[in-house]
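Colleague: Pasting coords29.pdb here (PDB, C-alpha atoms):
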ATOM      1  CA  MET R   1      15.528 -28.960 -14.774
ATOM      2  CA  ARG R   2      12.204 -27.714 -13.376
ATOM      3  CA  THR R   3      11.029 -24.375 -14.715
ATOM      4  CA  MET R   4       8.508 -21.752 -13.670
ATOM      5  CA  ARG R   5       6.701 -18.770 -15.156
ATOM      6  CA  SER R   6       7.924 -15.303 -14.184
ATOM      7  CA  ILE R   7       6.922 -11.809 -15.251
ATOM      8  CA  VAL R   8      10.147  -9.989 -16.038
ATOM      9  CA  ALA R   9      11.150  -6.419 -16.923
ATOM     10  CA  ASP R  10      14.475  -6.224 -18.770
ATOM     11  CA  THR R  11      14.830  -2.455 -18.449
ATOM     12  CA  LEU R  12      13.190   0.711 -17.156
ATOM     13  CA  GLY R  13      10.176   1.755 -19.163
ATOM     14  CA  GLU R  14       6.431   1.715 -19.538
ATOM     15  CA  PRO R  15       5.221  -1.623 -18.033
ATOM     16  CA  SER R  16       3.070  -2.490 -21.049
ATOM     17  CA  GLU R  17       6.195  -2.274 -23.218
ATOM     18  CA  VAL R  18       8.975  -3.780 -21.090
ATOM     19  CA  LEU R  19       7.250  -6.603 -19.179
ATOM     20  CA  HIS R  20       7.071 -10.105 -20.629
ATOM     21  CA  LEU R  21       6.375 -13.653 -19.475
ATOM     22  CA  GLN R  22       9.538 -15.719 -19.176
ATOM     23  CA  THR R  23      10.415 -19.289 -18.272
ATOM     24  CA  ARG R  24      13.058 -19.530 -15.540
ATOM     25  CA  PRO R  25      14.575 -22.309 -13.403
ATOM     26  CA  VAL R  26      12.742 -23.034 -10.167
ATOM     27  CA  PRO R  27      14.955 -21.683  -7.334
ATOM     28  CA  GLU R  28      16.238 -23.895  -4.521
ATOM     29  CA  PRO R  29      16.007 -22.828  -0.859
ATOM     30  CA  GLY R  30      19.229 -22.517   1.106
ATOM     31  CA  PRO R  31      19.773 -22.938   4.860
ATOM     32  CA  GLY R  32      17.108 -21.111   6.842
ATOM     33  CA  GLN R  33      14.984 -20.525   3.759
ATOM     34  CA  VAL R  34      11.699 -21.789   2.339
ATOM     35  CA  ARG R  35      10.348 -22.078  -1.175
ATOM     36  CA  ILE R  36       6.769 -20.960  -1.716
ATOM     37  CA  ARG R  37       4.506 -21.920  -4.588
ATOM     38  CA  VAL R  38       2.734 -18.611  -5.134
ATOM     39  CA  ALA R  39      -1.067 -18.745  -5.183
ATOM     40  CA  ALA R  40      -1.759 -15.028  -5.673
ATOM     41  CA  ALA R  41       0.291 -11.837  -5.987
ATOM     42  CA  PRO R  42      -1.348  -8.400  -6.262
ATOM     43  CA  VAL R  43      -0.454  -5.801  -8.868
ATOM     44  CA  HIS R  44      -0.042  -2.428  -7.151
ATOM     45  CA  ALA R  45       0.409   0.919  -8.853
ATOM     46  CA  SER R  46       3.702   1.192  -6.956
ATOM     47  CA  ASP R  47       4.951  -1.928  -8.770
ATOM     48  CA  LEU R  48       4.359  -0.192 -12.080
ATOM     49  CA  HIS R  49       5.962   3.064 -10.950
ATOM     50  CA  THR R  50       9.039   1.106  -9.871
ATOM     51  CA  ILE R  51       9.406  -0.222 -13.421
ATOM     52  CA  ARG R  52       9.025   3.333 -14.730
ATOM     53  CA  GLY R  53      11.778   4.552 -12.400
ATOM     54  CA  ARG R  54       9.380   6.823 -10.485
ATOM     55  CA  TYR R  55       9.348   5.115  -7.102
ATOM     56  CA  GLY R  56      11.596   4.959  -4.046
ATOM     57  CA  PHE R  57      14.155   2.574  -5.525
ATOM     58  CA  ILE R  58      15.338   1.340  -8.895
ATOM     59  CA  PRO R  59      15.882  -2.432  -9.016
ATOM     60  CA  GLU R  60      18.669  -4.208 -10.840
ATOM     61  CA  PHE R  61      17.497  -5.349 -14.254
ATOM     62  CA  PRO R  62      16.281  -7.773 -15.377
ATOM     63  CA  THR R  63      13.858  -7.796 -12.463
ATOM     64  CA  VAL R  64      10.697  -9.560 -11.356
ATOM     65  CA  PRO R  65       8.263  -7.038  -9.778
ATOM     66  CA  GLY R  66       5.897  -7.680  -6.893
ATOM     67  CA  ILE R  67       5.926  -6.887  -3.157
ATOM     68  CA  GLU R  68       3.194  -9.158  -1.759
ATOM     69  CA  SER R  69       2.053 -12.756  -2.118
ATOM     70  CA  VAL R  70       0.314 -15.688  -0.519
ATOM     71  CA  GLY R  71       1.181 -19.288  -1.279
ATOM     72  CA  VAL R  72       2.054 -22.744   0.006
ATOM     73  CA  ILE R  73       5.465 -23.901   1.218
ATOM     74  CA  ASP R  74       6.652 -26.705  -1.045
ATOM     75  CA  GLU R  75      10.268 -27.096   0.126
ATOM     76  CA  ILE R  76      12.256 -26.164   3.215
ATOM     77  CA  GLY R  77      16.003 -25.560   3.536
ATOM     78  CA  SER R  78      18.128 -26.979   6.331
ATOM     79  CA  GLY R  79      17.819 -25.443   9.770
ATOM     80  CA  THR R  80      14.207 -24.403   9.325
ATOM     81  CA  ASP R  81      12.081 -25.970  12.040
ATOM     82  CA  SER R  82       9.222 -23.531  12.590
ATOM     83  CA  LEU R  83       7.464 -24.105   9.261
ATOM     84  CA  THR R  84       6.243 -27.167   7.377
ATOM     85  CA  VAL R  85       5.747 -28.251   3.784
ATOM     86  CA  GLY R  86       2.135 -27.672   2.745
ATOM     87  CA  GLN R  87       1.663 -24.721   5.077
ATOM     88  CA  ARG R  88      -0.155 -21.709   3.646
ATOM     89  CA  VAL R  89       1.866 -18.538   4.249
ATOM     90  CA  ILE R  90       2.069 -14.798   3.566
ATOM     91  CA  THR R  91       5.351 -13.207   2.513
ATOM     92  CA  VAL R  92       6.466 -10.246   4.639
ATOM     93  CA  GLY R  93       8.354  -7.484   2.854
ATOM     94  CA  VAL R  94       9.542  -9.899   0.149
ATOM     95  CA  ARG R  95      10.052  -8.561  -3.365
ATOM     96  CA  THR R  96       9.972 -10.344  -6.782
ATOM     97  CA  THR R  97       6.654 -12.087  -6.104
ATOM     98  CA  TRP R  98       5.292 -12.032  -9.676
ATOM     99  CA  GLN R  99       6.511 -15.566 -10.319
ATOM    100  CA  GLU R 100       5.389 -19.102  -9.718
ATOM    101  CA  TYR R 101       7.919 -19.847  -6.957
ATOM    102  CA  VAL R 102       9.595 -17.534  -4.450
ATOM    103  CA  VAL R 103      12.499 -18.373  -2.148
ATOM    104  CA  THR R 104      12.935 -16.302   0.999
ATOM    105  CA  ASP R 105      14.224 -16.477   4.563
ATOM    106  CA  ALA R 106      11.885 -18.357   6.890
ATOM    107  CA  GLU R 107      11.607 -15.288   9.129
ATOM    108  CA  ARG R 108      10.032 -13.420   6.198
ATOM    109  CA  VAL R 109       6.886 -15.565   6.072
ATOM    110  CA  LEU R 110       3.859 -15.884   8.331
ATOM    111  CA  PRO R 111       1.194 -18.602   8.522
ATOM    112  CA  VAL R 112      -2.145 -17.504   7.053
ATOM    113  CA  PRO R 113      -4.826 -17.283   9.777
ATOM    114  CA  VAL R 114      -7.359 -20.098   9.571
ATOM    115  CA  GLY R 115     -10.326 -19.058   7.438
ATOM    116  CA  MET R 116      -8.601 -16.115   5.747
ATOM    117  CA  SER R 117      -9.029 -16.155   1.957
ATOM    118  CA  ASN R 118      -6.103 -16.035  -0.451
ATOM    119  CA  SER R 119      -7.460 -12.735  -1.749
ATOM    120  CA  THR R 120      -7.284 -11.087   1.678
ATOM    121  CA  ALA R 121      -3.977 -12.720   2.625
ATOM    122  CA  ALA R 122      -2.329 -11.567  -0.613
ATOM    123  CA  GLN R 123      -3.234  -7.924   0.085
ATOM    124  CA  ILE R 124      -3.146  -7.591   3.874
ATOM    125  CA  LEU R 125       0.492  -6.567   4.392
ATOM    126  CA  THR R 126       0.665  -3.504   2.175
ATOM    127  CA  ASN R 127      -2.362  -1.217   2.241
ATOM    128  CA  PRO R 128      -4.203  -2.383   5.403
ATOM    129  CA  LEU R 129      -0.882  -2.629   7.270
ATOM    130  CA  THR R 130      -0.001   0.903   6.141
ATOM    131  CA  ALA R 131      -3.282   2.172   7.605
ATOM    132  CA  VAL R 132      -2.618   0.406  10.907
ATOM    133  CA  ILE R 133       0.922   1.810  11.160
ATOM    134  CA  LEU R 134      -0.059   5.380  10.262
ATOM    135  CA  THR R 135      -3.046   5.613  12.605
ATOM    136  CA  GLY R 136      -1.361   3.662  15.393
ATOM    137  CA  ALA R 137       2.393   3.764  15.929
ATOM    138  CA  GLU R 138       2.961   6.870  13.787
ATOM    139  CA  LEU R 139       0.144   9.239  14.830
ATOM    140  CA  ASP R 140      -1.592   7.432  17.711
ATOM    141  CA  VAL R 141      -5.036   8.672  16.642
ATOM    142  CA  ARG R 142      -7.310   8.280  19.655
ATOM    143  CA  GLN R 143     -11.008   7.997  20.323
ATOM    144  CA  GLY R 144     -12.807  11.243  19.578
ATOM    145  CA  GLU R 145      -9.938  12.811  17.595
ATOM    146  CA  TRP R 146     -10.168  13.924  13.982
ATOM    147  CA  LEU R 147      -7.907  12.437  11.288
ATOM    148  CA  LEU R 148      -7.755  14.226   7.943
ATOM    149  CA  GLN R 149      -6.836  11.996   4.995
ATOM    150  CA  THR R 150      -6.514  12.423   1.222
ATOM    151  CA  ALA R 151      -7.373   9.798  -1.431
ATOM    152  CA  ALA R 152      -9.985   8.441   0.942
ATOM    153  CA  GLY R 153     -11.372   6.083  -1.713
ATOM    154  CA  SER R 154      -8.094   4.166  -1.994
ATOM    155  CA  THR R 155      -7.556   0.832  -0.241
ATOM    156  CA  VAL R 156      -5.532   2.556   2.483
ATOM    157  CA  GLY R 157      -8.259   5.177   2.776
ATOM    158  CA  GLN R 158     -10.969   2.555   3.180
ATOM    159  CA  SER R 159      -8.891   0.799   5.836
ATOM    160  CA  VAL R 160      -8.430   4.083   7.731
ATOM    161  CA  ILE R 161     -12.197   4.642   7.701
ATOM    162  CA  GLN R 162     -12.758   1.155   9.105
ATOM    163  CA  LEU R 163     -10.114   1.721  11.789
ATOM    164  CA  GLY R 164     -11.860   4.964  12.713
ATOM    165  CA  ALA R 165     -15.114   3.084  13.240
ATOM    166  CA  HIS R 166     -13.310   0.429  15.297
ATOM    167  CA  VAL R 167     -11.177   2.735  17.465
ATOM    168  CA  GLY R 168     -13.637   5.616  17.652
ATOM    169  CA  PHE R 169     -11.756   8.408  15.914
ATOM    170  CA  GLN R 170     -13.419  10.625  13.301
ATOM    171  CA  THR R 171     -12.291  10.698   9.682
ATOM    172  CA  LEU R 172     -12.321  13.807   7.507
ATOM    173  CA  ASN R 173     -11.961  12.358   4.032
ATOM    174  CA  VAL R 174     -10.721  14.192   0.946
ATOM    175  CA  VAL R 175     -11.743  12.964  -2.530
ATOM    176  CA  ARG R 176     -11.435  14.601  -5.942
ATOM    177  CA  ARG R 177     -14.709  13.437  -7.534
ATOM    178  CA  ARG R 178     -18.228  14.235  -6.355
ATOM    179  CA  SER R 179     -19.301  10.727  -7.402
ATOM    180  CA  ALA R 180     -17.101   9.244  -4.641
ATOM    181  CA  VAL R 181     -18.743  11.089  -1.742
ATOM    182  CA  GLU R 182     -21.656   8.694  -1.181
ATOM    183  CA  ASP R 183     -19.325   5.677  -1.121
ATOM    184  CA  ILE R 184     -17.112   7.258   1.548
ATOM    185  CA  LEU R 185     -20.112   7.991   3.756
ATOM    186  CA  ALA R 186     -21.521   4.505   3.186
ATOM    187  CA  TRP R 187     -18.197   2.984   4.334
ATOM    188  CA  GLY R 188     -18.480   4.916   7.600
ATOM    189  CA  GLY R 189     -16.490   8.066   6.899
ATOM    190  CA  THR R 190     -17.470  10.862   9.299
ATOM    191  CA  ALA R 191     -17.313  13.674   6.737
ATOM    192  CA  VAL R 192     -16.138  14.212   3.154
ATOM    193  CA  ILE R 193     -14.476  17.102   1.325
ATOM    194  CA  CYS R 194     -14.672  17.023  -2.473
ATOM    195  CA  THR R 195     -11.937  19.128  -4.091
ATOM    196  CA  GLU R 196     -13.867  19.122  -7.381
ATOM    197  CA  ASP R 197     -16.133  21.871  -6.068
ATOM    198  CA  GLU R 198     -15.069  22.643  -2.473
ATOM    199  CA  ASP R 199     -12.180  24.543  -0.910
ATOM    200  CA  LEU R 200     -10.252  22.127   1.309
ATOM    201  CA  ARG R 201      -9.114  24.615   3.942
ATOM    202  CA  GLU R 202     -12.530  26.253   4.272
ATOM    203  CA  ARG R 203     -14.307  22.930   4.605
ATOM    204  CA  VAL R 204     -11.877  21.659   7.268
ATOM    205  CA  ALA R 205     -12.693  24.718   9.356
ATOM    206  CA  ASP R 206     -16.452  24.291   8.743
ATOM    207  CA  ILE R 207     -16.440  20.624   9.756
ATOM    208  CA  ALA R 208     -13.843  20.381  12.516
ATOM    209  CA  GLY R 209     -14.565  23.763  14.100
ATOM    210  CA  HIS R 210     -12.277  26.316  15.721
ATOM    211  CA  ASP R 211      -9.816  23.754  17.112
ATOM    212  CA  GLY R 212      -9.283  22.282  13.644
ATOM    213  CA  VAL R 213      -7.504  19.023  12.860
ATOM    214  CA  SER R 214      -4.119  18.216  14.385
ATOM    215  CA  LYS R 215      -3.396  14.905  12.626
ATOM    216  CA  ALA R 216      -3.389  14.160   8.893
ATOM    217  CA  ILE R 217      -2.082  11.660   6.331
ATOM    218  CA  ASP R 218      -1.567  12.370   2.637
ATOM    219  CA  CYS R 219      -0.716  10.184  -0.350
ATOM    220  CA  VAL R 220      -1.388  12.766  -3.087
ATOM    221  CA  SER R 221       1.299  15.436  -2.455
ATOM    222  CA  GLY R 222       1.430  18.422  -4.823
ATOM    223  CA  GLN R 223      -1.017  21.235  -4.116
ATOM    224  CA  VAL R 224      -3.435  18.938  -2.277
ATOM    225  CA  GLY R 225      -0.721  17.997   0.203
ATOM    226  CA  ALA R 226       0.127  21.668   0.629
ATOM    227  CA  ASP R 227      -3.531  22.519   1.301
ATOM    228  CA  VAL R 228      -3.703  19.778   3.944
ATOM    229  CA  SER R 229      -0.613  21.133   5.726
ATOM    230  CA  HIS R 230      -2.042  24.653   5.614
ATOM    231  CA  ALA R 231      -5.358  23.437   7.051
ATOM    232  CA  LEU R 232      -3.751  21.826  10.101
ATOM    233  CA  ALA R 233      -4.200  23.336  13.531
ATOM    234  CA  PRO R 234      -1.126  24.802  15.265
ATOM    235  CA  HIS R 235       1.299  22.038  16.347
ATOM    236  CA  GLY R 236      -0.439  19.734  13.853
ATOM    237  CA  GLU R 237       1.334  16.833  12.194
ATOM    238  CA  LEU R 238       1.108  15.623   8.598
ATOM    239  CA  ILE R 239       2.554  12.317   7.390
ATOM    240  CA  VAL R 240       3.074  12.036   3.632
ATOM    241  CA  TYR R 241       3.117   8.400   2.487
ATOM    242  CA  GLY R 242       2.548   8.743  -1.258
ATOM    243  CA  ALA R 243       2.648  11.120  -4.204
ATOM    244  CA  LEU R 244      -0.178  10.187  -6.549
ATOM    245  CA  SER R 245      -0.186  13.639  -8.123
ATOM    246  CA  THR R 246       3.440  13.259  -9.265
ATOM    247  CA  HIS R 247       3.617   9.709 -10.618
ATOM    248  CA  ARG R 248       2.991  10.768 -14.212
ATOM    249  CA  GLN R 249       5.115  13.884 -13.957
ATOM    250  CA  THR R 250       8.570  14.270 -15.483
ATOM    251  CA  ASP R 251       9.025  17.979 -14.728
ATOM    252  CA  PRO R 252      11.138  18.259 -11.517
ATOM    253  CA  ASP R 253       9.233  21.413 -10.518
ATOM    254  CA  LYS R 254       6.040  19.334 -10.294
ATOM    255  CA  LEU R 255       7.542  16.717  -7.930
ATOM    256  CA  THR R 256       6.937  18.882  -4.885
ATOM    257  CA  ILE R 257       4.656  19.853  -2.025
ATOM    258  CA  PRO R 258       4.608  23.679  -1.984
ATOM    259  CA  ILE R 259       4.481  24.116   1.796
ATOM    260  CA  PHE R 260       3.464  27.574   3.084
ATOM    261  CA  ALA R 261       6.486  28.603   5.161
ATOM    262  CA  ARG R 262       4.696  31.044   7.507
ATOM    263  CA  SER R 263       2.139  28.401   8.432
ATOM    264  CA  LEU R 264       4.890  25.870   9.115
ATOM    265  CA  ILE R 265       7.123  28.218  11.121
ATOM    266  CA  TYR R 266       4.743  30.278  13.196
ATOM    267  CA  GLU R 267       2.290  27.479  13.890
ATOM    268  CA  THR R 268       5.113  24.960  14.504
ATOM    269  CA  LYS R 269       3.606  22.242  12.354
ATOM    270  CA  THR R 270       5.411  19.032  11.397
ATOM    271  CA  VAL R 271       5.462  17.460   7.937
ATOM    272  CA  ARG R 272       7.298  14.150   7.549
ATOM    273  CA  GLY R 273       7.345  11.076   5.354
ATOM    274  CA  SER R 274       6.589   7.383   5.779
ATOM    275  CA  TRP R 275       7.391   4.511   3.404
ATOM    276  CA  LEU R 276       6.356   0.921   4.074
ATOM    277  CA  LEU R 277       9.313  -0.711   2.299
ATOM    278  CA  ARG R 278      11.757   1.263   4.451
ATOM    279  CA  TRP R 279       9.721   0.339   7.526
ATOM    280  CA  PHE R 280      10.127  -3.355   6.661
ATOM    281  CA  THR R 281      13.919  -2.975   6.667
ATOM    282  CA  GLU R 282      14.340  -0.564   9.600
ATOM    283  CA  ALA R 283      11.535  -1.099  12.126
ATOM    284  CA  PRO R 284      12.540  -2.973  15.304
ATOM    285  CA  LYS R 285      11.414  -6.593  15.108
ATOM    286  CA  ASP R 286       9.084  -6.308  18.096
ATOM    287  CA  ARG R 287       7.389  -3.210  16.667
ATOM    288  CA  MET R 288       7.049  -4.854  13.268
ATOM    289  CA  ALA R 289       5.597  -8.023  14.764
ATOM    290  CA  ALA R 290       3.104  -6.051  16.858
ATOM    291  CA  ALA R 291       1.812  -4.029  13.877
ATOM    292  CA  ILE R 292       1.515  -7.095  11.650
ATOM    293  CA  ASP R 293      -0.181  -9.129  14.379
ATOM    294  CA  ARG R 294      -2.697  -6.348  15.008
ATOM    295  CA  THR R 295      -3.462  -6.072  11.289
ATOM    296  CA  LEU R 296      -4.073  -9.812  10.998
ATOM    297  CA  GLN R 297      -6.257  -9.808  14.118
ATOM    298  CA  LEU R 298      -8.348  -6.896  12.851
ATOM    299  CA  ALA R 299      -8.879  -8.693   9.546
ATOM    300  CA  ASP R 300      -9.668 -11.957  11.327
ATOM    301  CA  THR R 301     -12.370 -10.319  13.464
ATOM    302  CA  GLY R 302     -13.867  -8.415  10.533
ATOM    303  CA  ALA R 303     -12.899  -4.961  11.823
ATOM    304  CA  LEU R 304     -10.724  -4.623   8.687
ATOM    305  CA  ARG R 305     -12.308  -5.918   5.492
ATOM    306  CA  VAL R 306     -10.127  -6.082   2.409
ATOM    307  CA  PRO R 307     -12.045  -5.749  -0.893
ATOM    308  CA  GLU R 308     -12.069  -8.983  -2.886
ATOM    309  CA  GLY R 309      -9.400  -9.027  -5.574
ATOM    310  CA  GLN R 310      -9.745  -9.994  -9.236
ATOM    311  CA  PRO R 311      -7.807 -13.206 -10.054
ATOM    312  CA  ILE R 312      -6.080 -12.942 -13.437
ATOM    313  CA  LEU R 313      -4.038 -15.756 -14.965
ATOM    314  CA  VAL R 314      -0.363 -14.874 -15.313
ATOM    315  CA  GLU R 315      -0.573 -15.334 -19.093
ATOM    316  CA  LYS R 316      -2.992 -12.374 -19.109
ATOM    317  CA  PHE R 317      -0.754 -10.125 -17.017
ATOM    318  CA  SER R 318      -1.251  -7.226 -19.457
ATOM    319  CA  GLU R 319      -4.876  -7.053 -18.342
ATOM    320  CA  ALA R 320      -3.795  -6.928 -14.691
ATOM    321  CA  ILE R 321      -1.369  -4.087 -15.427
ATOM    322  CA  TYR R 322      -4.094  -2.078 -17.126
ATOM    323  CA  LEU R 323      -6.618  -2.649 -14.329
ATOM    324  CA  ALA R 324      -4.143  -1.640 -11.616
ATOM    325  CA  GLU R 325      -4.332   1.978 -12.782
ATOM    326  CA  ALA R 326      -7.731   2.094 -14.458
ATOM    327  CA  PRO R 327     -10.305   4.379 -12.802
ATOM    328  CA  ALA R 328     -13.025   2.481 -10.931
ATOM    329  CA  HIS R 329     -11.436  -0.849 -11.867
ATOM    330  CA  GLY R 330     -13.052  -2.757  -9.001
ATOM    331  CA  GLY R 331     -11.022  -5.187  -6.903
ATOM    332  CA  LYS R 332      -7.245  -5.322  -6.848
ATOM    333  CA  PRO R 333      -5.871  -7.411  -9.760
ATOM    334  CA  LEU R 334      -4.307 -10.608  -8.409
ATOM    335  CA  LEU R 335      -1.894 -12.621 -10.544
ATOM    336  CA  VAL R 336      -2.608 -16.342 -10.233
ATOM    337  CA  PHE R 337      -0.863 -19.333 -11.779
ATOM    338  CA  GLU R 338      -3.741 -21.820 -11.797
ATOM    339  CA  PRO R 339      -7.335 -21.326 -13.023
TER     340      PRO R 339
END
Just give me the structure of the file as structure tokens.
Modeller:
Amino acid sequence: MRTMRSIVADTLGEPSEVLHLQTRPVPEPGPGQVRIRVAAAPVHASDLHTIRGRYGFIPEFPTVPGIESVGVIDEIGSGTDSLTVGQRVITVGVRTTWQEYVVTDAERVLPVPVGMSNSTAAQILTNPLTAVILTGAELDVRQGEWLLQTAAGSTVGQSVIQLGAHVGFQTLNVVRRRSAVEDILAWGGTAVICTEDEDLRERVADIAGHDGVSKAIDCVSGQVGADVSHALAPHGELIVYGALSTHRQTDPDKLTIPIFARSLIYETKTVRGSWLLRWFTEAPKDRMAAAIDRTLQLADTGALRVPEGQPILVEKFSEAIYLAEAPAHGGKPLLVFEP
């Protein structure tokens, strides 16, 4: 029996305590499926929050984490004619990728564009795709418009800044450390608000003028998300796609966005959520294909540049887990199975 290496969590808990490397049988593809030998799988903070029970779903345990990967098809099930053994592919909305082999439906993989690195391919369909969806299909941010965003130094934030430069919209970028301001401007951000020493609402008015900002995205929530909603112009729209301020919280009263009711009611603003994993299961196939195709094209032309990841051997997964949440850790940690 052939075996493979998998990173497994047996129960909910702190990742450093409940994750371990395990040997498992190599899975066999069924009809309409392919088996992929994984080359690289990123470690996202959301993977770790899932194991802690602080994300949008709780998996059945034991579980193998991971929501992205790139690899090579090494076996094909019956009835699969569109793909070939040896083809390099990206998994699309496939979970349990922190293992040496992954089996999935053939419709859940895409060929890697010629010339795209494994590092970029492994990361392209979470954070960059999120930026494309939010600024495109969700908010339709157009040339000359302002987009206000929090956590501008994140991978999504960097992608939004690049999309602004490509499409021609202006980005008003919120960060929490003064040391991050120069980086945001160097990446092409139009303007920066630093909550360490600036009032968010006042600065939005100073920068965007009397008309204000009508479109915003937030992945912090808490008081920062509330300040963003309050700063919106009348009829403005805020999409909340993350809750960084709450991930370490256990007090239910802290897992909130304290929206100012008068601002919401009398200025008829909209606040709504967006979650990529739900989008993968609910978006119409044509809309999903269009967003993914656009993301790949933008990366292929250089309009979207994904920071190079840090390859880490699976046996050293503890290091990858630490780096995924360490401040200023550099590139995204990528689990690899070969040196």
Colleague: For atom CA of R:Arg178 and atom CA of R:Ala45, quote the distance in Å rounded to one decimal.
Modeller: 23.0 Å
Colleague: Between R:Thr63, R:Ser274, R:Thr301, R:Asn118, which is the closest to R:Val89 once you count only C-alpha atoms?
Modeller: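 Going through R:Thr63, R:Ser274, R:Thr301, R:Asn118 one by one, the smallest distance to R:Val89 is for R:Asn118.
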Colleague: Would you write out, as an NGL selection string, every residue that the PyMOL selection byres ((chain R and resi 46-57) around 6) captures in this file?
Modeller: :R and (12-14 or 44-45 or 58)
Colleague: For the atom pair atom CA of R:Thr190 and atom CA of R:Asp140, what is the interatomic distance in Å to one decimal place?
Modeller: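 Those two atoms sit 18.3 Å apart.
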Colleague: Which residue out of R:Val26, R:Leu335, R:Met288, R:Ala9 has the minimum interatomic distance to R:Val314 when all atoms listed in the file are used?
Modeller: R:Leu335
Colleague: Can you work out which one of R:Gly115, R:Gly302, R:Pro284, R:Pro59 has the shortest atom-to-atom distance to R:Ser159, counting only C-alpha atoms?
Modeller: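 Closest residue, counting only C-alpha atoms: R:Gly302.
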Colleague: Taking all atoms listed in the file into account, name the residue in R:Ser6, R:Ser119, R:Thr195, R:Gln149 that is nearest to R:Asp218.
Modeller: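 Among the listed residues, R:Gln149 lies closest to R:Asp218.
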Colleague: Write out as a PyMOL selection string the residues lying within 9 Å of R:Glu237, counting all atoms listed in the file and excluding same-chain residues fewer than 4 positions away.
Modeller: chain R and resi 139+214-217+229+232-233+269-272
Colleague: Would you mind telling me which residue in R:Ile292, R:Ile67, R:Ile259, R:Leu21 lies nearest to R:Val43 when using all atoms listed in the file?
Modeller: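 Looking at the shortest contact to R:Val43, the residue is R:Ile67.
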Colleague: With distances taken over only C-alpha atoms, which of R:Pro327, R:Pro128, R:Gly136, R:Pro307 is nearest to R:Trp187?
Modeller: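 When distances to R:Trp187 are compared using only C-alpha atoms, the smallest one comes from R:Pro307.
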Colleague: Find the spatial neighbours of stretch 98-112 of chain R, counting all atoms listed in the file, within a cut-off of 9 Å - ignore same-chain residues fewer than 5 positions away - and output them as a PyMOL selection string.
Modeller: chain R and resi 4-8+26-43+64-71+76-77+80+82-83+87-93+117-118+121+296+314+335-337
Colleague: Can you list, as a PyMOL selection string, every protein, DNA or RNA residue that comes within 12 Å of R:Ala290 when you count all atoms listed in the file, leaving out same-chain residues fewer than 5 positions away?
Modeller: chain R and resi 129+132-133+136-137+283-285+295-297
Colleague: Separation of atom CA of R:Glu319 and atom CA of R:His20, in Å?
Modeller: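 One can read the atom CA of R:Glu319 to atom CA of R:His20 distance as 12.5 Å.
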Colleague: Taking (-15.1, 6.7, 18.3) in the coordinates of the supplied file, I want to know which residues reach to within 6 Å of it, counting all atoms listed in the file; could you give the answer as a list of chain:residue names?
Modeller: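 It turns out the residues near that spot are R:Gln143, R:Gly144, R:Val167, R:Gly168, R:Phe169.
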Colleague: Would you put the residues from that selection into a file with C-alpha atoms, as a PDB file, in the coordinates of the input?
Modeller:
ATOM      1  CA  GLN R 143     -11.008   7.997  20.323  1.00  0.00           C
ATOM      2  CA  GLY R 144     -12.807  11.243  19.578  1.00  0.00           C
ATOM      3  CA  VAL R 167     -11.177   2.735  17.465  1.00  0.00           C
ATOM      4  CA  GLY R 168     -13.637   5.616  17.652  1.00  0.00           C
ATOM      5  CA  PHE R 169     -11.756   8.408  15.914  1.00  0.00           C
TER       6      PHE R 169
END
Colleague: Using all atoms listed in the file, can you list as a list in words the residues within 7 Å of (-4.3, -6.5, -7.1)?
Modeller: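 Residues with an atom at most 7 Å from (-4.3, -6.5, -7.1): Pro42, Val43, His44, Gly309, Gln310, Ala324, Gly331, Lys332, Pro333 and Leu334 of chain R.
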Colleague: Grab all the atoms of stretch 305-321 of chain R that the file lists, wrap them in a box along x, y and z, add 6 Å per side, and give me centre plus edge lengths in Å (one decimal) as AutoDock Vina command-line options.
Modeller:
--center_x -6.3 --center_y -9.9 --center_z -7.0 --size_x 23.9 --size_y 23.7 --size_z 36.9
Colleague: I'd like the neighbourhood of R:Ala208 as a list in words, where a residue qualifies if any of its atoms comes within 12 Å (using only C-alpha atoms), though same-chain residues fewer than 3 positions away should be ignored.
Modeller: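 The residues that qualify are Gly144, Glu145, Trp146, Leu147, Leu148, Gln170, Thr171, Leu172, Asn173, Thr190, Ala191, Val192, Ile193, Leu200, Arg201, Glu202, Arg203, Val204, Ala205, Asp211, Gly212, Val213, Ser214, Lys215, Ala231, Leu232 and Ala233 of chain R.
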Colleague: For R:Val220, list every protein, DNA or RNA residue within 6 Å, evaluated using only C-alpha atoms, and leave out those in the same chain fewer than 4 positions away; present the list as a ChimeraX atom specification.
Modeller: /R:242-245
